[in-house]
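S.K.: Hey, dropping query-v4.pdb in here, PDB, C-alpha atoms:
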ATOM      1  CA  MET A   1      73.667  -0.296 102.205
ATOM      2  CA  ARG A   2      75.633   1.472  99.499
ATOM      3  CA  ASP A   3      72.823   3.993  99.101
ATOM      4  CA  ASP A   4      72.872   4.670 102.854
ATOM      5  CA  LYS A   5      76.615   5.372 102.795
ATOM      6  CA  ARG A   6      76.206   7.617  99.786
ATOM      7  CA  LEU A   7      73.405   9.512 101.551
ATOM      8  CA  ARG A   8      75.492   9.922 104.713
ATOM      9  CA  ARG A   9      78.445  11.218 102.702
ATOM     10  CA  LYS A  10      76.162  13.634 100.899
ATOM     11  CA  VAL A  11      74.686  14.919 104.168
ATOM     12  CA  ARG A  12      78.153  15.187 105.770
ATOM     13  CA  ARG A  13      79.498  17.042 102.734
ATOM     14  CA  SER A  14      76.598  19.499 102.763
ATOM     15  CA  TYR A  15      77.129  20.050 106.506
ATOM     16  CA  VAL A  16      80.836  20.816 106.021
ATOM     17  CA  VAL A  17      80.181  23.068 103.030
ATOM     18  CA  SER A  18      77.465  25.003 104.859
ATOM     19  CA  THR A  19      79.691  25.362 107.952
ATOM     20  CA  VAL A  20      82.580  26.730 105.871
ATOM     21  CA  SER A  21      80.198  29.055 104.020
ATOM     22  CA  ILE A  22      78.793  30.378 107.297
ATOM     23  CA  ALA A  23      82.322  30.827 108.669
ATOM     24  CA  LEU A  24      83.429  32.818 105.613
ATOM     25  CA  VAL A  25      80.373  35.053 105.746
ATOM     26  CA  LEU A  26      80.884  35.600 109.489
ATOM     27  CA  PHE A  27      84.542  36.436 108.851
ATOM     28  CA  LEU A  28      83.520  38.965 106.207
ATOM     29  CA  MET A  29      80.865  40.488 108.459
ATOM     30  CA  GLY A  30      83.217  40.627 111.457
ATOM     31  CA  SER A  31      86.122  42.126 109.486
ATOM     32  CA  VAL A  32      84.012  44.775 107.779
ATOM     33  CA  GLY A  33      82.188  45.506 111.043
ATOM     34  CA  TYR A  34      85.525  45.947 112.814
ATOM     35  CA  MET A  35      86.779  48.326 110.125
ATOM     36  CA  LEU A  36      83.512  50.275 110.118
ATOM     37  CA  THR A  37      83.467  50.727 113.895
ATOM     38  CA  THR A  38      87.139  51.736 113.869
ATOM     39  CA  ALA A  39      86.527  54.282 111.110
ATOM     40  CA  LEU A  40      83.422  55.665 112.827
ATOM     41  CA  ARG A  41      85.254  55.920 116.160
ATOM     42  CA  THR A  42      88.131  57.753 114.473
ATOM     43  CA  ALA A  43      85.650  60.127 112.826
ATOM     44  CA  ARG A  44      83.974  60.725 116.193
ATOM     45  CA  ASP A  45      87.346  61.419 117.845
ATOM     46  CA  LEU A  46      88.168  63.933 115.121
ATOM     47  CA  ARG A  47      84.774  65.579 115.494
ATOM     48  CA  TYR A  48      85.007  65.808 119.283
ATOM     49  CA  GLY A  49      88.749  66.350 119.591
ATOM     50  CA  ILE A  50      89.053  69.881 118.213
ATOM     51  CA  ALA A  51      91.626  72.150 119.892
ATOM     52  CA  LEU A  52      91.216  75.895 120.385
ATOM     53  CA  SER A  53      93.995  78.234 121.482
ATOM     54  CA  ALA A  54      93.100  80.852 124.100
ATOM     55  CA  GLU A  55      95.821  83.528 123.931
ATOM     56  CA  LEU A  56      96.461  85.250 127.273
ATOM     57  CA  ASP A  57      97.294  88.851 128.059
ATOM     58  CA  ASP A  58     100.973  89.443 128.820
ATOM     59  CA  ASN A  59     100.062  90.895 132.236
ATOM     60  CA  VAL A  60      98.375  87.696 133.445
ATOM     61  CA  ASP A  61     100.201  86.375 136.522
ATOM     62  CA  GLU A  62     100.231  82.915 138.091
ATOM     63  CA  SER A  63      97.094  83.389 140.226
ATOM     64  CA  ALA A  64      95.166  84.894 137.311
ATOM     65  CA  ARG A  65      96.282  82.047 135.078
ATOM     66  CA  LYS A  66      94.855  79.471 137.502
ATOM     67  CA  ARG A  67      91.609  81.440 137.698
ATOM     68  CA  ILE A  68      91.343  81.520 133.900
ATOM     69  CA  GLU A  69      92.047  77.792 133.707
ATOM     70  CA  GLN A  70      89.180  77.047 136.110
ATOM     71  CA  GLN A  71      86.840  79.331 134.172
ATOM     72  CA  LEU A  72      87.724  77.628 130.901
ATOM     73  CA  LEU A  73      87.137  74.178 132.392
ATOM     74  CA  ALA A  74      83.716  75.323 133.622
ATOM     75  CA  ILE A  75      82.559  76.134 130.076
ATOM     76  CA  GLU A  76      80.172  73.541 128.679
ATOM     77  CA  GLY A  77      81.815  71.551 125.895
ATOM     78  CA  VAL A  78      85.391  71.953 127.168
ATOM     79  CA  VAL A  79      87.062  68.568 127.669
ATOM     80  CA  ALA A  80      90.628  69.442 128.698
ATOM     81  CA  VAL A  81      92.827  72.510 129.180
ATOM     82  CA  GLN A  82      96.620  72.529 128.854
ATOM     83  CA  TYR A  83      98.879  75.508 129.470
ATOM     84  CA  ALA A  84     101.413  76.402 126.745
ATOM     85  CA  ASP A  85     104.285  78.701 127.673
ATOM     86  CA  LYS A  86     105.382  81.119 124.963
ATOM     87  CA  GLU A  87     109.052  80.189 125.434
ATOM     88  CA  GLU A  88     108.255  76.542 124.769
ATOM     89  CA  LYS A  89     106.247  77.483 121.706
ATOM     90  CA  ILE A  90     109.009  79.598 120.143
ATOM     91  CA  ASN A  91     111.543  76.808 120.738
ATOM     92  CA  ASP A  92     109.362  74.229 119.014
ATOM     93  CA  GLU A  93     111.303  72.589 116.165
ATOM     94  CA  GLU A  94     108.406  72.654 113.706
ATOM     95  CA  PHE A  95     107.817  76.333 114.390
ATOM     96  CA  ARG A  96     111.503  77.180 113.896
ATOM     97  CA  ARG A  97     111.645  75.136 110.695
ATOM     98  CA  MET A  98     109.425  77.723 108.994
ATOM     99  CA  PHE A  99     112.254  80.272 109.213
ATOM    100  CA  GLU A 100     115.403  80.072 107.096
ATOM    101  CA  ALA A 101     117.489  81.831 109.757
ATOM    102  CA  GLU A 102     117.411  81.823 113.530
ATOM    103  CA  ILE A 103     114.360  83.600 114.893
ATOM    104  CA  GLU A 104     116.534  85.713 117.179
ATOM    105  CA  GLN A 105     118.270  87.182 114.093
ATOM    106  CA  ILE A 106     114.939  88.324 112.677
ATOM    107  CA  ILE A 107     113.130  89.533 115.785
ATOM    108  CA  GLN A 108     114.464  90.596 119.152
ATOM    109  CA  ASP A 109     111.534  89.818 121.414
ATOM    110  CA  ASN A 110     109.285  86.766 121.548
ATOM    111  CA  PRO A 111     106.075  87.807 119.734
ATOM    112  CA  LEU A 112     104.099  84.794 120.928
ATOM    113  CA  ARG A 113     101.756  84.772 123.903
ATOM    114  CA  ASN A 114     101.204  82.362 126.724
ATOM    115  CA  SER A 115      98.082  80.377 125.980
ATOM    116  CA  PHE A 116      95.778  77.558 126.973
ATOM    117  CA  GLU A 117      95.284  74.770 124.439
ATOM    118  CA  VAL A 118      91.664  73.817 124.975
ATOM    119  CA  SER A 119      90.176  70.528 123.723
ATOM    120  CA  VAL A 120      86.456  70.871 123.121
ATOM    121  CA  SER A 121      83.574  68.564 122.301
ATOM    122  CA  ALA A 122      81.537  70.274 119.593
ATOM    123  CA  PRO A 123      79.329  68.312 117.163
ATOM    124  CA  ASP A 124      78.867  71.235 114.745
ATOM    125  CA  ARG A 125      80.159  74.685 113.805
ATOM    126  CA  ALA A 126      77.501  76.550 115.805
ATOM    127  CA  SER A 127      78.461  74.737 119.014
ATOM    128  CA  LEU A 128      82.135  75.426 118.359
ATOM    129  CA  ASP A 129      81.500  79.142 117.813
ATOM    130  CA  ALA A 130      79.482  79.279 121.040
ATOM    131  CA  VAL A 131      82.345  77.725 123.022
ATOM    132  CA  ALA A 132      84.857  80.098 121.404
ATOM    133  CA  ASP A 133      82.686  83.110 122.319
ATOM    134  CA  ARG A 134      82.479  82.009 125.965
ATOM    135  CA  MET A 135      86.242  81.510 126.062
ATOM    136  CA  ALA A 136      86.867  84.959 124.573
ATOM    137  CA  ALA A 137      84.634  86.503 127.251
ATOM    138  CA  VAL A 138      86.914  85.243 130.050
ATOM    139  CA  GLU A 139      88.910  88.073 131.599
ATOM    140  CA  GLY A 140      92.584  87.773 130.658
ATOM    141  CA  VAL A 141      91.936  86.007 127.326
ATOM    142  CA  VAL A 142      92.732  88.405 124.475
ATOM    143  CA  TYR A 143      92.130  86.128 121.504
ATOM    144  CA  VAL A 144      90.745  82.669 120.702
ATOM    145  CA  ALA A 145      92.284  81.068 117.615
ATOM    146  CA  TYR A 146      91.007  78.096 115.656
ATOM    147  CA  PRO A 147      90.932  77.201 111.916
ATOM    148  CA  ALA A 148      87.224  77.766 111.313
ATOM    149  CA  ALA A 149      87.209  76.929 107.587
ATOM    150  CA  THR A 150      89.245  73.767 108.069
ATOM    151  CA  ILE A 151      87.005  72.596 110.902
ATOM    152  CA  GLU A 152      83.880  73.256 108.849
ATOM    153  CA  ARG A 153      85.248  71.175 105.965
ATOM    154  CA  LEU A 154      86.243  68.472 108.454
ATOM    155  CA  HIS A 155      82.719  68.273 109.864
ATOM    156  CA  ALA A 156      81.201  68.079 106.377
ATOM    157  CA  THR A 157      83.632  65.356 105.288
ATOM    158  CA  ILE A 158      83.101  63.317 108.456
ATOM    159  CA  THR A 159      79.322  63.517 108.012
ATOM    160  CA  LYS A 160      79.580  62.198 104.450
ATOM    161  CA  ILE A 161      81.960  59.403 105.463
ATOM    162  CA  THR A 162      79.655  58.382 108.322
ATOM    163  CA  VAL A 163      76.617  58.190 106.021
ATOM    164  CA  VAL A 164      78.509  56.181 103.374
ATOM    165  CA  LEU A 165      80.001  53.730 105.888
ATOM    166  CA  THR A 166      76.659  53.206 107.632
ATOM    167  CA  ALA A 167      74.897  52.550 104.321
ATOM    168  CA  PHE A 168      77.663  50.186 103.219
ATOM    169  CA  GLY A 169      77.542  48.288 106.514
ATOM    170  CA  GLY A 170      73.758  47.968 106.348
ATOM    171  CA  ALA A 171      73.849  46.704 102.763
ATOM    172  CA  LEU A 172      76.556  44.176 103.626
ATOM    173  CA  LEU A 173      74.540  42.940 106.623
ATOM    174  CA  ILE A 174      71.439  42.359 104.480
ATOM    175  CA  ILE A 175      73.421  40.579 101.745
ATOM    176  CA  SER A 176      75.214  38.396 104.315
ATOM    177  CA  LEU A 177      71.955  37.376 105.984
ATOM    178  CA  ILE A 178      70.450  36.436 102.621
ATOM    179  CA  LEU A 179      73.510  34.321 101.760
ATOM    180  CA  LEU A 180      73.446  32.591 105.147
ATOM    181  CA  ASN A 181      69.727  31.898 104.846
ATOM    182  CA  ASN A 182      70.150  30.316 101.400
ATOM    183  CA  THR A 183      73.137  28.249 102.573
ATOM    184  CA  ILE A 184      71.279  26.808 105.565
ATOM    185  CA  ARG A 185      68.100  26.211 103.528
ATOM    186  CA  LEU A 186      70.101  24.184 100.996
ATOM    187  CA  ALA A 187      71.647  22.130 103.804
ATOM    188  CA  ILE A 188      68.180  21.353 105.227
ATOM    189  CA  PHE A 189      66.837  20.731 101.718
ATOM    190  CA  SER A 190      69.164  17.743 101.345
ATOM    191  CA  ARG A 191      67.494  16.174 104.414
ATOM    192  CA  ARG A 192      63.872  16.873 103.497
ATOM    193  CA  TYR A 193      63.106  13.157 102.958
ATOM    194  CA  LEU A 194      64.343  12.373 106.469
ATOM    195  CA  ILE A 195      62.005  15.036 107.845
ATOM    196  CA  ASN A 196      59.116  13.527 105.887
ATOM    197  CA  THR A 197      59.925  10.066 107.261
ATOM    198  CA  PHE A 198      59.743  11.398 110.801
ATOM    199  CA  LYS A 199      56.343  12.894 110.006
ATOM    200  CA  LEU A 200      55.020   9.631 108.562
ATOM    201  CA  VAL A 201      55.866   7.686 111.713
ATOM    202  CA  GLY A 202      54.016  10.246 113.850
ATOM    203  CA  ALA A 203      56.866  12.329 115.289
ATOM    204  CA  THR A 204      55.883  15.711 116.729
ATOM    205  CA  LYS A 205      57.263  18.981 115.365
ATOM    206  CA  GLY A 206      59.367  19.507 118.486
ATOM    207  CA  TYR A 207      60.860  16.009 118.258
ATOM    208  CA  ILE A 208      61.761  16.567 114.593
ATOM    209  CA  MET A 209      63.285  20.018 115.121
ATOM    210  CA  ARG A 210      65.288  19.173 118.247
ATOM    211  CA  PRO A 211      68.193  17.308 116.557
ATOM    212  CA  PHE A 212      68.338  19.866 113.749
ATOM    213  CA  LEU A 213      68.550  22.745 116.213
ATOM    214  CA  GLY A 214      71.220  20.917 118.221
ATOM    215  CA  ALA A 215      73.279  20.384 115.070
ATOM    216  CA  ALA A 216      72.683  24.025 114.081
ATOM    217  CA  ALA A 217      74.021  25.257 117.433
ATOM    218  CA  LYS A 218      77.181  23.160 117.028
ATOM    219  CA  GLN A 219      77.512  24.314 113.438
ATOM    220  CA  GLY A 220      77.204  27.951 114.540
ATOM    221  CA  ILE A 221      79.899  27.461 117.177
ATOM    222  CA  TRP A 222      82.279  25.789 114.711
ATOM    223  CA  ALA A 223      81.610  28.460 112.102
ATOM    224  CA  GLY A 224      82.143  31.242 114.663
ATOM    225  CA  VAL A 225      85.383  29.691 115.945
ATOM    226  CA  THR A 226      86.678  29.223 112.384
ATOM    227  CA  ALA A 227      85.779  32.824 111.503
ATOM    228  CA  SER A 228      87.477  34.019 114.712
ATOM    229  CA  ILE A 229      90.670  32.127 113.833
ATOM    230  CA  LEU A 230      90.678  33.706 110.356
ATOM    231  CA  PHE A 231      90.025  37.131 111.867
ATOM    232  CA  GLY A 232      92.741  36.700 114.501
ATOM    233  CA  GLY A 233      95.209  35.569 111.838
ATOM    234  CA  SER A 234      94.415  38.631 109.748
ATOM    235  CA  ILE A 235      94.905  40.945 112.733
ATOM    236  CA  ALA A 236      98.214  39.251 113.606
ATOM    237  CA  ALA A 237      99.402  39.612 110.008
ATOM    238  CA  LEU A 238      98.495  43.315 109.971
ATOM    239  CA  SER A 239     100.006  44.066 113.378
ATOM    240  CA  GLY A 240     103.519  43.999 111.886
ATOM    241  CA  THR A 241     102.812  46.918 109.539
ATOM    242  CA  MET A 242     100.149  48.559 111.754
ATOM    243  CA  PRO A 243     101.204  48.177 115.433
ATOM    244  CA  GLU A 244      98.402  50.476 116.602
ATOM    245  CA  ILE A 245      95.902  47.807 115.601
ATOM    246  CA  THR A 246      96.877  45.764 118.692
ATOM    247  CA  ALA A 247      96.725  48.679 121.135
ATOM    248  CA  SER A 248      94.917  48.091 124.433
ATOM    249  CA  THR A 249      91.814  49.941 123.257
ATOM    250  CA  GLN A 250      91.763  47.931 120.037
ATOM    251  CA  LEU A 251      92.164  44.614 121.882
ATOM    252  CA  VAL A 252      88.819  45.189 123.597
ATOM    253  CA  GLN A 253      87.182  45.784 120.220
ATOM    254  CA  ILE A 254      88.900  42.710 118.747
ATOM    255  CA  GLY A 255      87.609  40.591 121.628
ATOM    256  CA  ALA A 256      84.104  41.979 121.162
ATOM    257  CA  THR A 257      84.283  41.203 117.435
ATOM    258  CA  VAL A 258      85.391  37.612 118.075
ATOM    259  CA  GLY A 259      82.652  37.071 120.649
ATOM    260  CA  GLY A 260      80.110  38.680 118.350
ATOM    261  CA  MET A 261      81.030  36.371 115.474
ATOM    262  CA  ILE A 262      80.542  33.259 117.627
ATOM    263  CA  LEU A 263      77.241  34.499 119.083
ATOM    264  CA  CYS A 264      75.986  35.587 115.656
ATOM    265  CA  GLY A 265      76.988  32.224 114.195
ATOM    266  CA  VAL A 266      74.937  30.346 116.795
ATOM    267  CA  ALA A 267      71.960  32.724 116.660
ATOM    268  CA  ILE A 268      71.810  32.850 112.868
ATOM    269  CA  SER A 269      72.214  29.079 112.490
ATOM    270  CA  LEU A 270      69.446  28.392 115.011
ATOM    271  CA  LEU A 271      67.086  30.986 113.545
ATOM    272  CA  PHE A 272      67.444  30.060 109.877
ATOM    273  CA  THR A 273      67.482  26.317 110.657
ATOM    274  CA  ALA A 274      64.246  26.666 112.609
ATOM    275  CA  PHE A 275      62.614  28.476 109.681
ATOM    276  CA  ALA A 276      63.836  25.928 107.109
ATOM    277  CA  VAL A 277      62.907  22.833 109.146
ATOM    278  CA  ASN A 278      59.530  24.324 110.033
ATOM    279  CA  LYS A 279      58.802  24.835 106.341
ATOM    280  CA  PHE A 280      59.416  21.156 105.486
ATOM    281  CA  VAL A 281      57.609  19.932 108.608
ATOM    282  CA  ASN A 282      54.494  21.882 107.627
ATOM    283  CA  MET A 283      54.748  20.855 103.960
ATOM    284  CA  LYS A 284      52.496  18.059 102.752
ATOM    285  CA  SER A 285      54.244  14.769 101.937
ATOM    286  CA  ASN A 286      53.253  14.772  98.271
ATOM    287  CA  LYS A 287      54.712  18.259  97.802
ATOM    288  CA  ILE A 288      58.068  17.355  99.317
ATOM    289  CA  PHE A 289      58.776  15.022  96.414
ATOM    290  CA  LEU A 290      57.877  17.808  93.975
ATOM    291  CA  TYR A 291      59.884  20.512  95.736
TER     292      TYR A 291
END
Do you think you could lay out the structure here as structure tokens?

M.R.:
Amino acid sequence: MRDDKRLRRKVRRSYVVSTVSIALVLFLMGSVGYMLTTALRTARDLRYGIALSAELDDNVDESARKRIEQQLLAIEGVVAVQYADKEEKINDEEFRRMFEAEIEQIIQDNPLRNSFEVSVSAPDRASLDAVADRMAAVEGVVYVAYPAATIERLHATITKITVVLTAFGGALLIISLILLNNTIRLAIFSRRYLINTFKLVGATKGYIMRPFLGAAAKQGIWAGVTASILFGGSIAALSGTMPEITASTQLVQIGATVGGMILCGVAISLLFTAFAVNKFVNMKSNKIFLY
């Protein structure tokens, strides 16, 4: 009787330890996955959110300006076009801050031009140059300005960051799966004699695996819920210093991360439990005692 209680406590302890271990690994995977996807999305937005300035001729009137706007929007790769009046540009505080005195004391006339600020989607420098050439060919556009060197460095940096983050995420995924596999195998290892007893009384493989898979599904749910609570607490703690983390677009990603952790917890627990139980079911009885 005492041995039975000790065995039950041992099994219960291993179940709790394995559940907490799975929850912590899921929390780590979910948190790092969330940060990786956020960083990659930011890099993509920077890559595809480049702005070019199409300077207009001073003789362009209202009807010509609308025609130019439609022609710019028709160019492949152009995402959005916004008109910028030269009077608004010269009155911009950041622009005026570059001068020690009032601009009107230095120059009499406004040297700036009316322009269209064009947001383009260009994955590389060649695509960006092609869009700029098409914009410059539009009648009424006298000059297309964009920081070519800065954009080229930006593309190169984003490419490196993307490669590093993807490699880091892949390595973390492999390490996490190995840790989860070992954790679940150890939990099943403590119940190998019970599996052997089922075999000796003639139980089928399906009958033996069914309760283990049921327990694994519950364990995966508990681990996923625990990891989600930890993740939600971390997000709530960070929202005070980083309010943008709880923006509407981020809330969708947070919800997807929480759901992914629960689904991954169930799927991983079922998969690795099935492998571990199947190994002991197929193992000969004399080898179980030597394992």

S.K.: Just the number, please: distance in Å from atom CA of A:Ile221 to atom CA of A:Val16, one decimal.

M.R.: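 Result for atom CA of A:Ile221 versus atom CA of A:Val16: 13.0 Å, one decimal.
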
S.K.: In Å, how far is it from atom CA of A:Leu28 to atom CA of A:Leu230?

M.R.: 9.8 Å

S.K.: For stretch 264-273 of chain A, work out the shell of residues within 6 Å, counting all atoms listed in the file and skipping chain neighbours fewer than 3 positions away, then give it as a PyMOL selection string.

M.R.: chain A and resi 181+213+216-217+220-221+224+260-261+276-277

S.K.: Given the PyMOL selection byres ((chain A and resi 169) around 10) and the file above, list the residues it selects as a PDB file with C-alpha atoms, in the frame of the given file.

M.R.:
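Output (expr_19.pdb):
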ATOM      1  CA  MET A  29      80.865  40.488 108.459  1.00  0.00           C
ATOM      2  CA  VAL A  32      84.012  44.775 107.779  1.00  0.00           C
ATOM      3  CA  GLY A  33      82.188  45.506 111.043  1.00  0.00           C
ATOM      4  CA  MET A  35      86.779  48.326 110.125  1.00  0.00           C
ATOM      5  CA  LEU A  36      83.512  50.275 110.118  1.00  0.00           C
ATOM      6  CA  THR A  37      83.467  50.727 113.895  1.00  0.00           C
ATOM      7  CA  VAL A 163      76.617  58.190 106.021  1.00  0.00           C
ATOM      8  CA  VAL A 164      78.509  56.181 103.374  1.00  0.00           C
ATOM      9  CA  LEU A 165      80.001  53.730 105.888  1.00  0.00           C
ATOM     10  CA  THR A 166      76.659  53.206 107.632  1.00  0.00           C
ATOM     11  CA  ALA A 167      74.897  52.550 104.321  1.00  0.00           C
ATOM     12  CA  PHE A 168      77.663  50.186 103.219  1.00  0.00           C
ATOM     13  CA  GLY A 170      73.758  47.968 106.348  1.00  0.00           C
ATOM     14  CA  ALA A 171      73.849  46.704 102.763  1.00  0.00           C
ATOM     15  CA  LEU A 172      76.556  44.176 103.626  1.00  0.00           C
ATOM     16  CA  LEU A 173      74.540  42.940 106.623  1.00  0.00           C
ATOM     17  CA  ILE A 174      71.439  42.359 104.480  1.00  0.00           C
ATOM     18  CA  ILE A 175      73.421  40.579 101.745  1.00  0.00           C
TER      19      ILE A 175
END

S.K.: List the neighbours of A:Gly77 out to 9 Å using only C-alpha atoms; skip same-chain residues closer than 3 positions along the sequence, and give me the result as a ChimeraX atom specification.

M.R.: /A:73-74,119-122,127-128,131

S.K.: To one decimal place, how far is atom CA of A:Ser63 from atom CA of A:Glu139 in Å?

M.R.: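 These two atoms are separated by 12.8 Å.
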
S.K.: Write out as an mmCIF file with C-alpha atoms, keeping the file's coordinate frame the residues lying within 10 Å of A:Ile161, counting all atoms listed in the file and excluding same-chain residues fewer than 6 positions away.

M.R.:
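Output below, filename selection.cif:
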data_model
loop_
_atom_site.group_PDB
_atom_site.id
_atom_site.type_symbol
_atom_site.label_atom_id
_atom_site.label_comp_id
_atom_site.auth_asym_id
_atom_site.auth_seq_id
_atom_site.Cartn_x
_atom_site.Cartn_y
_atom_site.Cartn_z
ATOM 1 C CA ALA A 39 86.527 54.282 111.110
ATOM 2 C CA LEU A 40 83.422 55.665 112.827
ATOM 3 C CA ALA A 43 85.650 60.127 112.826
ATOM 4 C CA HIS A 155 82.719 68.273 109.864
ATOM 5 C CA ALA A 167 74.897 52.550 104.321
#

S.K.: Do you know which residues the PyMOL selection byres ((chain A and resi 187) around 12) returns on this file, as a PyMOL selection string?

M.R.: chain A and resi 10-19+21-22+180-186+188-192+212+215-216+219+269+272-273+276-277

S.K.: Of the candidates A:Ser176, A:Ile151, A:Leu238, A:Val144, which one gets nearest to A:Ala126 if we count all atoms listed in the file?

M.R.: A:Ile151

S.K.: Could you check the closest approach to A:Ser31 for each of A:Ala54, A:Val258, A:Ile68, A:Ala223 and tell me which residue wins, using all atoms listed in the file?

M.R.: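 When distances to A:Ser31 are compared using all atoms listed in the file, the smallest one comes from A:Val258.
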
S.K.: Ranking A:Ala23, A:Leu52, A:Val60, A:Ala274 by minimum distance to A:Gly206 and counting all atoms listed in the file, which one comes first?

M.R.: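 Among the listed residues, the smallest separation from A:Gly206 belongs to A:Ala274.
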